[in-house]
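Note: the block below is entry-v9.txt and it holds compact mmCIF, C-alpha atoms and all ligand atoms.
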```txt
# COMPACT_ATOMS: atom_id res chain seq x y z
CA MET A 13 -21.34 -5.00 2.70
CA GLN A 14 -18.62 -5.79 5.23
CA PHE A 15 -14.91 -5.32 4.66
CA TYR A 16 -12.10 -7.62 5.85
CA SER A 17 -8.41 -7.05 6.46
CA THR A 18 -6.00 -8.72 4.03
CA ASN A 19 -4.05 -9.77 7.14
CA ASN A 20 -7.04 -11.32 8.85
CA PRO A 21 -10.14 -12.41 6.90
CA ASP A 22 -12.04 -12.81 10.17
CA LEU A 23 -11.74 -9.13 11.03
CA ARG A 24 -14.88 -7.49 9.62
CA VAL A 25 -15.87 -3.82 9.69
CA ASP A 26 -18.57 -1.72 8.07
CA LEU A 27 -18.01 0.86 5.33
CA LYS A 28 -17.75 3.81 7.72
CA GLU A 29 -14.98 2.17 9.74
CA ALA A 30 -13.12 1.11 6.57
CA VAL A 31 -13.31 4.55 4.97
CA ILE A 32 -12.82 6.82 7.99
CA ARG A 33 -10.11 4.70 9.66
CA SER A 34 -8.57 3.78 6.30
CA LEU A 35 -6.28 1.05 7.72
CA PRO A 36 -7.06 -1.92 9.97
CA ALA A 37 -5.02 -2.04 13.19
CA ASP A 38 -3.21 -5.15 11.91
CA ASN A 39 -1.68 -3.10 9.06
CA GLY A 40 -3.49 -5.05 6.33
CA LEU A 41 -5.74 -3.36 3.76
CA TYR A 42 -9.52 -3.47 3.61
CA MET A 43 -11.27 -5.52 0.90
CA PRO A 44 -14.99 -6.01 0.22
CA GLU A 45 -15.97 -9.43 1.57
CA THR A 46 -17.52 -10.50 -1.74
CA ILE A 47 -17.23 -9.25 -5.32
CA THR A 48 -20.15 -10.50 -7.40
CA PRO A 49 -20.36 -10.07 -11.20
CA LEU A 50 -22.81 -7.43 -12.40
CA PRO A 51 -26.28 -8.76 -13.32
CA GLN A 52 -27.62 -9.32 -16.84
CA SER A 53 -29.75 -6.17 -16.56
CA PHE A 54 -26.55 -4.09 -16.35
CA TRP A 55 -25.08 -5.60 -19.51
CA GLU A 56 -28.26 -4.87 -21.45
CA ASN A 57 -27.83 -1.11 -20.92
CA TRP A 58 -24.23 -0.37 -19.98
CA LYS A 59 -23.17 1.07 -23.31
CA THR A 60 -25.85 3.77 -23.38
CA MET A 61 -25.58 5.05 -19.80
CA SER A 62 -23.67 8.21 -18.86
CA LEU A 63 -20.32 7.61 -17.15
CA ALA A 64 -21.79 8.67 -13.78
CA GLU A 65 -24.86 6.45 -14.21
CA MET A 66 -22.73 3.45 -15.10
CA GLY A 67 -20.43 4.35 -12.20
CA PHE A 68 -23.36 4.25 -9.82
CA HIS A 69 -24.26 0.68 -10.87
CA ILE A 70 -20.64 -0.42 -10.43
CA ALA A 71 -20.25 1.25 -7.02
CA HIS A 72 -23.59 -0.17 -5.91
CA GLN A 73 -22.50 -3.67 -6.93
CA ILE A 74 -19.37 -3.33 -4.76
CA LEU A 75 -20.94 -1.53 -1.80
CA GLY A 76 -24.26 -3.38 -1.63
CA ASP A 77 -26.58 -1.71 0.85
CA SER A 78 -23.80 0.19 2.69
CA ILE A 79 -25.10 3.42 1.11
CA PRO A 80 -28.77 3.69 -0.01
CA ALA A 81 -29.07 3.79 -3.80
CA ASP A 82 -30.34 7.38 -4.07
CA ASP A 83 -27.57 8.73 -1.84
CA LEU A 84 -24.93 6.77 -3.73
CA LYS A 85 -26.26 8.19 -7.01
CA THR A 86 -25.82 11.72 -5.65
CA ILE A 87 -22.26 10.98 -4.51
CA VAL A 88 -21.24 9.55 -7.90
CA ASN A 89 -22.95 12.35 -9.83
CA ASP A 90 -21.16 15.01 -7.76
CA ALA A 91 -17.80 13.25 -8.01
CA ILE A 92 -17.66 12.21 -11.66
CA THR A 93 -18.23 15.42 -13.58
CA PHE A 94 -15.65 14.92 -16.33
CA ASP A 95 -15.05 12.40 -19.10
CA ALA A 96 -12.36 9.77 -19.73
CA PRO A 97 -12.14 9.55 -23.52
CA VAL A 98 -10.31 6.87 -25.50
CA VAL A 99 -8.05 8.13 -28.30
CA ASN A 100 -6.89 5.60 -30.89
CA ILE A 101 -3.33 6.49 -31.83
CA GLU A 102 -2.42 3.34 -33.79
CA LYS A 103 -4.27 0.31 -35.09
CA GLN A 104 -3.86 -1.70 -31.89
CA VAL A 105 -2.91 1.05 -29.47
CA SER A 106 -5.47 3.24 -27.72
CA ILE A 107 -4.96 5.81 -24.98
CA LEU A 108 -7.42 6.18 -22.12
CA GLU A 109 -7.12 9.82 -21.07
CA LEU A 110 -7.65 10.09 -17.31
CA PHE A 111 -6.55 13.71 -16.96
CA HIS A 112 -9.76 15.62 -17.64
CA GLY A 113 -10.52 16.26 -13.96
CA PRO A 114 -9.76 19.44 -11.98
CA THR A 115 -6.11 18.59 -11.11
CA LEU A 116 -5.28 16.88 -14.41
CA ALA A 117 -4.51 13.40 -13.06
CA PHE A 118 -6.49 10.18 -12.56
CA LYS A 119 -6.28 10.75 -8.80
CA ASP A 120 -9.24 13.15 -9.18
CA PHE A 121 -11.56 10.15 -9.66
CA GLY A 122 -10.59 8.52 -6.37
CA ALA A 123 -10.16 11.68 -4.31
CA ARG A 124 -13.51 13.21 -5.33
CA PHE A 125 -15.47 10.04 -4.60
CA MET A 126 -13.66 9.59 -1.27
CA ALA A 127 -14.34 13.18 -0.18
CA ARG A 128 -18.06 12.90 -0.83
CA THR A 129 -18.28 9.44 0.72
CA MET A 130 -16.48 10.61 3.86
CA ALA A 131 -18.74 13.65 4.18
CA TYR A 132 -21.81 11.43 3.71
CA LEU A 133 -20.73 8.85 6.27
CA THR A 134 -20.01 11.48 8.92
CA GLN A 135 -22.94 13.84 8.26
CA ASP A 136 -24.65 12.99 11.55
CA ASP A 137 -21.49 13.25 13.65
CA ASP A 138 -21.36 16.31 15.87
CA LYS A 139 -17.78 17.23 14.94
CA GLU A 140 -16.30 18.26 11.63
CA LEU A 141 -14.00 15.72 10.02
CA THR A 142 -10.38 16.87 9.84
CA VAL A 143 -8.43 15.29 7.00
CA LEU A 144 -4.69 15.28 7.58
CA VAL A 145 -2.50 14.52 4.59
CA ALA A 146 1.23 14.61 3.86
CA THR A 147 2.14 15.01 0.20
CA SER A 148 5.19 14.88 -2.02
CA GLY A 149 3.23 16.35 -4.94
CA ASP A 150 0.15 15.14 -6.80
CA THR A 151 -1.91 13.50 -4.07
CA GLY A 152 -2.18 16.70 -2.03
CA GLY A 153 -3.50 18.67 -4.99
CA ALA A 154 -6.15 16.09 -5.84
CA VAL A 155 -7.24 15.78 -2.20
CA ALA A 156 -7.34 19.56 -1.68
CA SER A 157 -9.44 20.09 -4.80
CA ALA A 158 -11.72 17.14 -3.97
CA PHE A 159 -12.56 18.35 -0.45
CA HIS A 160 -12.75 22.06 -1.32
CA LYS A 161 -16.09 23.38 0.01
CA VAL A 162 -17.33 19.88 0.94
CA ALA A 163 -19.56 20.49 3.98
CA GLY A 164 -18.48 19.11 7.34
CA THR A 165 -14.85 18.59 6.32
CA ARG A 166 -11.62 20.50 6.60
CA VAL A 167 -8.23 19.53 5.18
CA ILE A 168 -4.75 20.20 6.52
CA ILE A 169 -1.98 19.45 4.02
CA LEU A 170 1.67 19.12 4.99
CA TYR A 171 4.31 19.47 2.28
CA PRO A 172 8.09 19.75 2.34
CA LYS A 173 9.40 23.29 1.74
CA GLY A 174 11.12 23.34 -1.65
CA GLY A 175 10.12 19.71 -2.25
CA VAL A 176 7.21 20.19 -4.67
CA SER A 177 7.05 22.00 -8.02
CA ASP A 178 5.77 25.59 -8.18
CA LEU A 179 2.48 24.64 -9.78
CA GLN A 180 1.99 21.73 -7.40
CA GLU A 181 2.53 24.14 -4.51
CA LYS A 182 -0.08 26.48 -5.97
CA GLN A 183 -2.56 23.59 -6.21
CA LEU A 184 -2.13 23.05 -2.45
CA THR A 185 -1.97 26.60 -1.16
CA THR A 186 -4.41 28.75 -3.11
CA LEU A 187 -7.86 27.25 -2.51
CA GLY A 188 -8.49 28.65 0.97
CA GLU A 189 -11.88 28.13 2.73
CA ASN A 190 -11.76 24.65 4.32
CA ILE A 191 -8.30 23.83 2.91
CA SER A 192 -5.12 24.90 4.70
CA ALA A 193 -1.50 24.17 3.94
CA LEU A 194 1.52 23.78 6.20
CA GLU A 195 4.91 24.27 4.62
CA VAL A 196 7.27 22.12 6.65
CA GLU A 197 10.94 23.00 7.00
CA GLY A 198 11.93 19.39 6.42
CA THR A 199 11.51 16.44 4.05
CA PHE A 200 8.47 14.49 2.89
CA ASP A 201 9.45 11.79 5.39
CA ASP A 202 9.28 14.40 8.18
CA CYS A 203 5.78 15.38 7.03
CA GLN A 204 4.67 11.77 7.03
CA ALA A 205 6.19 11.11 10.45
CA MET A 206 4.36 14.12 11.93
CA VAL A 207 1.03 12.99 10.50
CA LYS A 208 1.60 9.48 11.76
CA ALA A 209 2.49 10.73 15.25
CA CYS A 210 -0.79 12.66 15.39
CA PHE A 211 -2.77 9.55 14.49
CA LEU A 212 -0.88 7.41 17.01
CA ASN A 213 -1.89 9.87 19.71
CA ARG A 214 -5.31 8.21 19.86
CA GLU A 215 -6.86 10.59 22.36
CA PHE A 216 -5.85 13.58 20.26
CA SER A 217 -6.93 11.94 17.03
CA LEU A 218 -10.42 11.12 18.39
CA LYS A 219 -10.85 14.54 19.97
CA HIS A 220 -10.21 16.30 16.67
CA ASN A 221 -11.92 13.67 14.52
CA LEU A 222 -8.81 13.12 12.38
CA THR A 223 -8.86 11.00 9.26
CA SER A 224 -6.33 10.29 6.54
CA ALA A 225 -6.80 10.57 2.79
CA ASN A 226 -3.99 8.31 1.72
CA SER A 227 -4.07 6.17 -1.37
CA ILE A 228 -4.83 2.86 0.31
CA ASN A 229 -8.32 3.97 1.28
CA ILE A 230 -10.79 1.51 -0.26
CA SER A 231 -13.09 4.36 -1.29
CA ARG A 232 -10.44 5.66 -3.68
CA LEU A 233 -10.30 2.37 -5.60
CA ILE A 234 -14.02 2.01 -6.31
CA PRO A 235 -14.40 4.91 -8.80
CA GLN A 236 -11.19 3.84 -10.50
CA ALA A 237 -13.01 0.69 -11.65
CA PHE A 238 -15.51 2.89 -13.55
CA TYR A 239 -13.12 3.92 -16.30
CA TYR A 240 -12.11 0.39 -17.23
CA PHE A 241 -15.73 -0.21 -18.22
CA HIS A 242 -15.88 3.17 -19.91
CA ALA A 243 -12.75 2.41 -21.96
CA ALA A 244 -14.01 -1.02 -23.00
CA ARG A 245 -17.32 0.34 -24.28
CA GLN A 246 -15.53 2.94 -26.41
CA LEU A 247 -13.68 0.24 -28.38
CA GLU A 248 -15.06 -1.55 -31.41
CA ALA A 249 -17.66 -4.13 -30.41
CA GLY A 250 -16.13 -7.50 -29.56
CA VAL A 251 -12.61 -6.18 -28.85
CA GLU A 252 -11.33 -7.46 -25.48
CA PRO A 253 -8.81 -4.91 -24.23
CA THR A 254 -5.38 -5.56 -22.78
CA PHE A 255 -4.91 -2.74 -20.26
CA VAL A 256 -1.41 -1.33 -19.91
CA ILE A 257 -1.12 0.45 -16.57
CA PRO A 258 1.72 2.78 -15.58
CA SER A 259 2.03 1.83 -11.91
CA GLY A 260 3.51 2.96 -8.59
CA ASN A 261 1.40 1.90 -5.62
CA PHE A 262 -0.73 -0.30 -7.91
CA GLY A 263 -4.08 1.19 -6.93
CA ASN A 264 -4.99 1.64 -10.58
CA LEU A 265 -4.13 -1.93 -11.44
CA THR A 266 -6.04 -3.27 -8.43
CA ALA A 267 -9.11 -1.30 -9.57
CA GLY A 268 -8.74 -3.02 -12.97
CA LEU A 269 -8.78 -6.39 -11.22
CA LEU A 270 -11.99 -5.34 -9.44
CA ALA A 271 -13.54 -4.44 -12.82
CA GLN A 272 -12.59 -7.89 -14.12
CA ARG A 273 -14.12 -9.60 -11.07
CA LEU A 274 -17.29 -7.57 -11.68
CA GLY A 275 -17.53 -9.32 -15.04
CA LEU A 276 -15.85 -6.92 -17.49
CA PRO A 277 -14.13 -8.98 -20.21
CA ILE A 278 -10.43 -8.03 -20.06
CA ALA A 279 -7.86 -10.02 -22.05
CA HIS A 280 -4.82 -9.19 -19.94
CA PHE A 281 -3.09 -6.60 -17.73
CA VAL A 282 0.40 -5.25 -18.32
CA ALA A 283 1.96 -3.64 -15.24
CA ALA A 284 4.37 -0.98 -16.52
CA THR A 285 6.86 0.53 -14.05
CA ASN A 286 9.98 2.67 -14.20
CA ILE A 287 13.19 1.24 -12.67
CA ASN A 288 11.29 0.85 -9.39
CA ASP A 289 10.28 -2.59 -10.64
CA VAL A 290 9.47 -4.58 -7.49
CA ILE A 291 6.27 -6.02 -9.01
CA PRO A 292 7.63 -6.87 -12.48
CA GLN A 293 10.41 -8.69 -10.59
CA TYR A 294 7.88 -10.50 -8.44
CA LEU A 295 5.94 -11.57 -11.55
CA ALA A 296 9.16 -12.84 -13.15
CA GLU A 297 10.67 -14.58 -10.13
CA GLY A 298 7.94 -15.21 -7.59
CA GLU A 299 9.69 -13.33 -4.81
CA TYR A 300 8.45 -10.02 -3.41
CA LYS A 301 11.44 -7.87 -2.50
CA PRO A 302 10.52 -4.28 -1.57
CA ARG A 303 13.41 -1.81 -1.52
CA PRO A 304 13.97 1.97 -1.20
CA SER A 305 12.66 3.87 -4.23
CA GLU A 306 14.88 5.66 -6.76
CA ALA A 307 14.05 9.02 -8.37
CA THR A 308 12.97 9.00 -12.05
CA ILE A 309 11.29 11.35 -14.53
CA SER A 310 8.01 9.44 -14.08
CA ASN A 311 8.13 10.43 -10.43
CA ALA A 312 4.56 9.57 -9.44
CA MET A 313 5.64 5.94 -9.84
CA ASP A 314 8.77 6.13 -7.67
CA VAL A 315 7.56 3.56 -5.16
CA GLY A 316 9.73 0.87 -3.61
CA ALA A 317 7.11 -0.93 -1.52
CA PRO A 318 3.82 -0.81 -3.48
CA SER A 319 1.04 -0.73 -0.91
CA ASN A 320 -1.65 -2.39 -3.01
CA PHE A 321 0.42 -5.53 -3.52
CA ALA A 322 -1.39 -6.88 -0.45
CA ARG A 323 -4.71 -6.53 -2.29
CA MET A 324 -3.38 -8.05 -5.53
CA LYS A 325 -2.07 -11.05 -3.61
CA ASP A 326 -5.36 -11.38 -1.79
CA LEU A 327 -7.35 -11.38 -5.05
CA PHE A 328 -5.27 -14.30 -6.36
CA GLY A 329 -5.27 -16.26 -3.12
CA ASP A 330 -1.50 -15.68 -2.80
CA ASN A 331 -0.99 -17.78 -5.95
CA TRP A 332 1.90 -16.47 -8.06
CA GLU A 333 1.05 -18.65 -11.08
CA ALA A 334 -2.55 -17.43 -11.10
CA MET A 335 -1.43 -13.79 -10.92
CA ARG A 336 0.97 -14.33 -13.83
CA GLU A 337 -1.84 -15.66 -16.00
CA HIS A 338 -3.55 -12.27 -15.75
CA ILE A 339 -0.72 -9.77 -15.29
CA SER A 340 2.64 -9.33 -17.03
CA GLY A 341 5.29 -6.87 -15.86
CA VAL A 342 7.58 -4.54 -17.82
CA ALA A 343 10.15 -2.06 -16.42
CA VAL A 344 11.34 0.95 -18.46
CA ASP A 345 14.27 3.26 -17.69
CA ASP A 346 14.41 7.05 -18.11
CA ASP A 347 16.42 7.01 -21.35
CA GLU A 348 13.83 4.85 -23.07
CA THR A 349 11.04 6.96 -21.60
CA ARG A 350 12.54 10.14 -23.06
CA THR A 351 13.11 8.56 -26.49
CA THR A 352 9.53 7.29 -26.46
CA ILE A 353 8.05 10.74 -25.73
CA ARG A 354 9.75 11.97 -28.94
CA GLU A 355 8.93 8.88 -31.02
CA VAL A 356 5.25 8.84 -30.13
CA LYS A 357 5.01 12.52 -31.09
CA GLU A 358 6.82 11.95 -34.40
CA THR A 359 5.00 8.77 -35.46
CA THR A 360 1.47 9.45 -34.16
CA GLY A 361 1.30 13.19 -33.35
CA TYR A 362 0.20 12.36 -29.78
CA THR A 363 1.79 14.16 -26.83
CA ILE A 364 2.29 11.51 -24.15
CA ASP A 365 3.46 12.28 -20.60
CA PRO A 366 6.40 10.41 -19.00
CA HIS A 367 4.11 7.95 -17.17
CA GLY A 368 2.13 7.19 -20.32
CA ALA A 369 5.41 6.80 -22.22
CA VAL A 370 6.44 4.04 -19.83
CA GLY A 371 3.12 2.40 -20.68
CA TYR A 372 3.68 2.83 -24.41
CA VAL A 373 6.99 0.94 -24.30
CA ALA A 374 5.27 -1.86 -22.40
CA ALA A 375 2.34 -1.93 -24.87
CA LYS A 376 4.72 -2.33 -27.83
CA LEU A 377 6.55 -5.18 -26.11
CA TRP A 378 3.26 -6.88 -25.34
CA LEU A 379 2.13 -6.57 -28.98
CA GLN A 380 5.31 -8.36 -30.07
CA ALA A 381 4.49 -11.27 -27.78
CA SER A 382 0.75 -11.22 -28.52
CA PRO A 383 0.16 -9.67 -31.97
CA GLU A 384 -3.62 -10.11 -31.94
CA SER A 385 -4.08 -7.97 -28.81
CA HIS A 386 -5.64 -4.53 -28.59
CA THR A 387 -3.77 -2.48 -25.99
CA VAL A 388 -5.29 0.40 -24.02
CA ILE A 389 -2.71 2.52 -22.21
CA LEU A 390 -3.88 4.47 -19.17
CA GLU A 391 -2.65 8.06 -19.59
CA THR A 392 -2.53 8.88 -15.89
CA ALA A 393 -1.76 12.62 -16.05
CA HIS A 394 -1.71 15.53 -18.47
CA PRO A 395 1.75 16.19 -20.00
CA SER A 396 1.70 19.83 -18.84
CA LYS A 397 2.13 18.61 -15.25
CA PHE A 398 5.68 17.59 -16.21
CA LEU A 399 6.58 20.65 -18.26
CA ASN A 400 10.34 20.51 -17.67
CA VAL A 401 10.69 16.93 -18.89
CA MET A 402 8.31 17.43 -21.80
CA GLU A 403 9.86 20.66 -23.09
CA LYS A 404 13.31 19.11 -22.96
CA GLU A 405 12.16 16.41 -25.40
CA LEU A 406 9.66 18.29 -27.56
CA GLY A 407 10.88 21.88 -27.36
CA THR A 408 9.92 24.96 -25.37
CA GLY A 409 6.36 26.14 -25.91
CA GLN A 410 5.28 22.85 -27.51
CA ILE A 411 3.04 21.75 -24.63
CA ASP A 412 -0.50 23.08 -24.19
CA VAL A 413 -1.11 24.07 -20.59
CA PRO A 414 -4.84 23.85 -19.75
CA GLU A 415 -6.32 27.03 -18.32
CA ARG A 416 -7.05 25.51 -14.90
CA LEU A 417 -3.34 24.83 -14.42
CA ALA A 418 -2.02 27.94 -16.16
CA CYS A 419 -4.17 30.32 -14.09
CA LEU A 420 -2.57 29.05 -10.88
CA ALA A 421 0.66 30.82 -11.76
CA ASN A 422 -0.96 34.12 -10.72
CA ALA A 423 -2.84 32.85 -7.67
CA THR A 424 -1.60 33.86 -4.21
CA LYS A 425 0.05 31.24 -2.04
CA GLN A 426 -1.22 30.95 1.53
CA ALA A 427 0.74 28.56 3.73
CA LYS A 428 1.99 28.55 7.30
CA LEU A 429 5.66 27.74 7.72
CA ILE A 430 6.34 25.27 10.55
CA THR A 431 9.29 23.23 11.81
CA PRO A 432 9.15 19.43 11.64
CA ASP A 433 7.88 19.19 15.20
CA THR A 434 4.72 17.23 16.01
CA ALA A 435 3.91 19.58 18.91
CA GLU A 436 3.74 22.48 16.48
CA LEU A 437 1.38 20.51 14.20
CA GLU A 438 -0.84 19.57 17.14
CA ALA A 439 -1.00 23.18 18.26
CA TYR A 440 -2.05 24.19 14.75
CA ILE A 441 -4.78 21.55 14.65
CA GLU A 442 -6.11 22.67 18.06
CA GLN A 443 -6.21 26.24 16.91
CA THR A 444 -7.97 25.29 13.66
CA THR A 445 -10.63 23.03 15.15
CA GLY A 446 -11.08 25.19 18.25
CA LEU A 447 -11.34 22.02 20.39
C1 LIG B 501 -0.27 8.17 -8.67
C2 LIG B 501 0.17 8.12 -10.10
C3 LIG B 501 0.58 6.91 -10.73
C4 LIG B 501 0.65 5.61 -9.99
O1 LIG B 501 -0.61 5.06 -9.74
P1 LIG B 501 -0.80 3.85 -8.73
O2 LIG B 501 -2.25 3.64 -8.63
O3 LIG B 501 -0.16 4.28 -7.44
O4 LIG B 501 -0.09 2.68 -9.33
C5 LIG B 501 0.91 6.94 -12.08
N1 LIG B 501 0.91 8.11 -12.77
C6 LIG B 501 0.55 9.28 -12.21
C7 LIG B 501 0.59 10.51 -13.03
C8 LIG B 501 0.16 9.33 -10.86
O5 LIG B 501 -0.17 10.51 -10.30
```
Could you render the structure as structure tokens?
Amino acid sequence: MQFYSTNNPDLRVDLKEAVIRSLPADNGLYMPETITPLPQSFWENWKTMSLAEMGFHIAHQILGDSIPADDLKTIVNDAITFDAPVVNIEKQVSILELFHGPTLAFKDFGARFMARTMAYLTQDDDKELTVLVATSGDTGGAVASAFHKVAGTRVIILYPKGGVSDLQEKQLTTLGENISALEVEGTFDDCQAMVKACFLNREFSLKHNLTSANSINISRLIPQAFYYFHAARQLEAGVEPTFVIPSGNFGNLTAGLLAQRLGLPIAHFVAATNINDVIPQYLAEGEYKPRPSEATISNAMDVGAPSNFARMKDLFGDNWEAMREHISGVAVDDDETRTTIREVKETTGYTIDPHGAVGYVAAKLWLQASPESHTVILETAHPSKFLNVMEKELGTGQIDVPERLACLANATKQAKLITPDTAELEAYIEQTTGL
């Protein structure tokens, strides 16, 4: 399978280039050159396979012969070691829980598959792969956990001092081994600028075999298609789901579109955002107007220029009408999100996180417009990751904190404090790689 750039369909690269370089030089995003529906043989067995086994067939359909079948099976089996159960909370409202992975957010699916794919693709290289990542919170934790102890890789995470929550910081700074953390005396933008400067220094970046683990990497999207199939097969036979997707950079929604192109029957998509509603506005008006993001309580969706819009546009041949036939947009503000967290608890007993609550409002609106639908809301993270917001609405001590998050409170932080100076970062990388 070859991959093309959304900015230039004639530019073709192989899987290794697409995954290790992440972004084409023309600033587009990589897409598989063809997406062919899964064969009849898949549909005869798909409901009885394990999640990992089904995932292998889906990944194989997208990647073709880029990774030999047995190796791809191993990668998927190692990556997908947790479930994604559907919980029915009302007659036409189901929740797809994507928080059963090690860092309690759906990003574990993408990060774990990417880590193993990167290690596989570079196994014959003579240098270790150095993954450089700037984080404002959740991505760093998922990436750190995903690469922890993966042979042939090391990870350097930059995060803004005082800019991430205590537990998020613990997720980044307590693993040790091949994961190291740099606490930058600056902002997230400083961290990103430093990482970018290192990559732009091409000689340096090649010498140290640098790669990035950011969310536009095509290898992160592939495993996110798995759980759309898994959700659909957990519903009553014959029900065609409408997926409601709390969205920021729209990677999750794009993975849903891939699942649909692979032949999964999906009635509709609802793109649910907070007040950072660039895509709902585009769907309503036909004009794409990115703007600076604003802070909300569903902060993983505070995105003003959603990177995967390029892929969504590409999948619909830049046809606004066609996109609107498949995707509707809804924007929800913080007040309504807070009220919804309480209402869902009172009426259904379910504890929904702020991102899922945005989805719930959108699902209810969709059911008014289309009463025969069955909505499946993607619950993108566990509520305990947003303890302050949740306890304010539901009361102190009302949120279960899973052991793997709770135990971090006592773990010892190990991070090196640095100033926002690229030279200091480069010196650290040189010292770490010994090159
Ligand atoms: C990253 C994230 C999102 C946004 O997902 P996209 O794929 O960027 O749209 C939503 N919720 C949570 C909890 C996240 O961590």
Point to revise | Atomic separation - atom CA of A:Ala374 relative to atom CA of A:Ile291, Å | key: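 Separation of atom CA of A:Ile291 and atom CA of A:Ala374: 14.1 Å.
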Check your understanding: So which residues are near ligand LIG 501 (chain B), meaning at most 8 Å away with all atoms listed in the file counted, given back as a list in words?
Key ->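 Residues lying within 8 Å of ligand LIG 501 (chain B): Ala117, Phe118, Lys119, Asp150, Thr151, Ser227, Ile257, Pro258, Ser259, Gly260, Asn261, Phe262, Gly263, Asn264, Leu265, Thr266, Ser310, Asn311, Ala312, Met313, Pro318, His367, Gly368, Glu391, Thr392, Ala393 and His394 of chain A.
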Next, write the just-selected residues to a file, as a CSV table (one decimal), in the coordinates of the input, keeping C-alpha atoms as the atom set.
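This is the output file again-v6.csv:
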```
chain,number,residue,atom,x,y,z
A,117,ALA,CA,-4.5,13.4,-13.1
A,118,PHE,CA,-6.5,10.2,-12.6
A,119,LYS,CA,-6.3,10.8,-8.8
A,150,ASP,CA,0.2,15.1,-6.8
A,151,THR,CA,-1.9,13.5,-4.1
A,227,SER,CA,-4.1,6.2,-1.4
A,257,ILE,CA,-1.1,0.4,-16.6
A,258,PRO,CA,1.7,2.8,-15.6
A,259,SER,CA,2.0,1.8,-11.9
A,260,GLY,CA,3.5,3.0,-8.6
A,261,ASN,CA,1.4,1.9,-5.6
A,262,PHE,CA,-0.7,-0.3,-7.9
A,263,GLY,CA,-4.1,1.2,-6.9
A,264,ASN,CA,-5.0,1.6,-10.6
A,265,LEU,CA,-4.1,-1.9,-11.4
A,266,THR,CA,-6.0,-3.3,-8.4
A,310,SER,CA,8.0,9.4,-14.1
A,311,ASN,CA,8.1,10.4,-10.4
A,312,ALA,CA,4.6,9.6,-9.4
A,313,MET,CA,5.6,5.9,-9.8
A,318,PRO,CA,3.8,-0.8,-3.5
A,367,HIS,CA,4.1,8.0,-17.2
A,368,GLY,CA,2.1,7.2,-20.3
A,391,GLU,CA,-2.6,8.1,-19.6
A,392,THR,CA,-2.5,8.9,-15.9
A,393,ALA,CA,-1.8,12.6,-16.0
A,394,HIS,CA,-1.7,15.5,-18.5
```
Exercise for review: Quote the spacing between atom CA of A:Thr424 and atom CA of A:Leu179 in Å to one decimal place.
Suggested key: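 One can read the atom CA of A:Thr424 to atom CA of A:Leu179 distance as 11.5 Å.
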**Study point:** Separation of atom CA of A:Val282 from atom CA of A:Val342, in Å and rounded to one decimal
**Key:**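 Computed distance, atom CA of A:Val282 to atom CA of A:Val342, equals 7.2 Å.
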Exercise for review: For A:Ser192, work out the shell of residues within 8 Å, counting all atoms listed in the file and skipping chain neighbours fewer than 2 positions away, then give it as JSON, numbers by chain.
Suggested key: {"A": [167, 168, 169, 184, 185, 188, 189, 190, 194, 426, 427]}
Exercise for review: Go through A:Asn229, A:Gln135, A:Thr60, A:Thr93 one by one, measure the shortest atom-to-atom distance of each to A:Arg323 using only C-alpha atoms, and give the residue with the smallest value.
Suggested key: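 Closest candidate: A:Asn229.
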Check your understanding: From the list A:Thr46, A:Gln236, A:Gln246, A:Thr254, which residue is nearest A:Ser385 when using all atoms listed in the file?
Key ->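 Smallest distance to A:Ser385 is found for A:Thr254.
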Review point. Using all atoms listed in the file, which of the listed residues (A:Gln380, A:Gln183, A:Thr387, A:Asn89) sits closest to A:Ala418?
Key: A:Gln183
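For the choices A:Thr115, A:Ser396, A:Thr431, A:Gln52, the atom-to-atom distance to A:Lys182 is smallest for A:Thr115 when using all atoms listed in the file.
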For stretch 124-129 of chain A, which lacks atoms in the input, supply N, CA, C and O atoms and format the output as an mmCIF file, in the frame of the given file.
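Final output, part_30.cif:
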```
data_model
loop_
_atom_site.group_PDB
_atom_site.id
_atom_site.type_symbol
_atom_site.label_atom_id
_atom_site.label_comp_id
_atom_site.auth_asym_id
_atom_site.auth_seq_id
_atom_site.Cartn_x
_atom_site.Cartn_y
_atom_site.Cartn_z
ATOM 1 N N ARG A 124 -12.184 12.571 -5.350
ATOM 2 C CA ARG A 124 -13.510 13.210 -5.330
ATOM 3 C C ARG A 124 -14.589 12.276 -4.791
ATOM 4 O O ARG A 124 -15.476 12.694 -4.049
ATOM 5 N N PHE A 125 -14.496 11.003 -5.129
ATOM 6 C CA PHE A 125 -15.470 10.040 -4.600
ATOM 7 C C PHE A 125 -15.253 9.850 -3.099
ATOM 8 O O PHE A 125 -16.194 9.820 -2.309
ATOM 9 N N MET A 126 -13.980 9.758 -2.699
ATOM 10 C CA MET A 126 -13.660 9.590 -1.270
ATOM 11 C C MET A 126 -14.174 10.775 -0.457
ATOM 12 O O MET A 126 -14.769 10.593 0.612
ATOM 13 N N ALA A 127 -13.945 11.990 -0.941
ATOM 14 C CA ALA A 127 -14.340 13.180 -0.180
ATOM 15 C C ALA A 127 -15.847 13.171 0.074
ATOM 16 O O ALA A 127 -16.310 13.408 1.193
ATOM 17 N N ARG A 128 -16.608 12.870 -0.975
ATOM 18 C CA ARG A 128 -18.060 12.900 -0.830
ATOM 19 C C ARG A 128 -18.566 11.731 0.016
ATOM 20 O O ARG A 128 -19.544 11.869 0.758
ATOM 21 N N THR A 129 -17.885 10.592 -0.100
ATOM 22 C CA THR A 129 -18.280 9.440 0.720
ATOM 23 C C THR A 129 -17.982 9.704 2.191
ATOM 24 O O THR A 129 -18.801 9.414 3.068
#
```
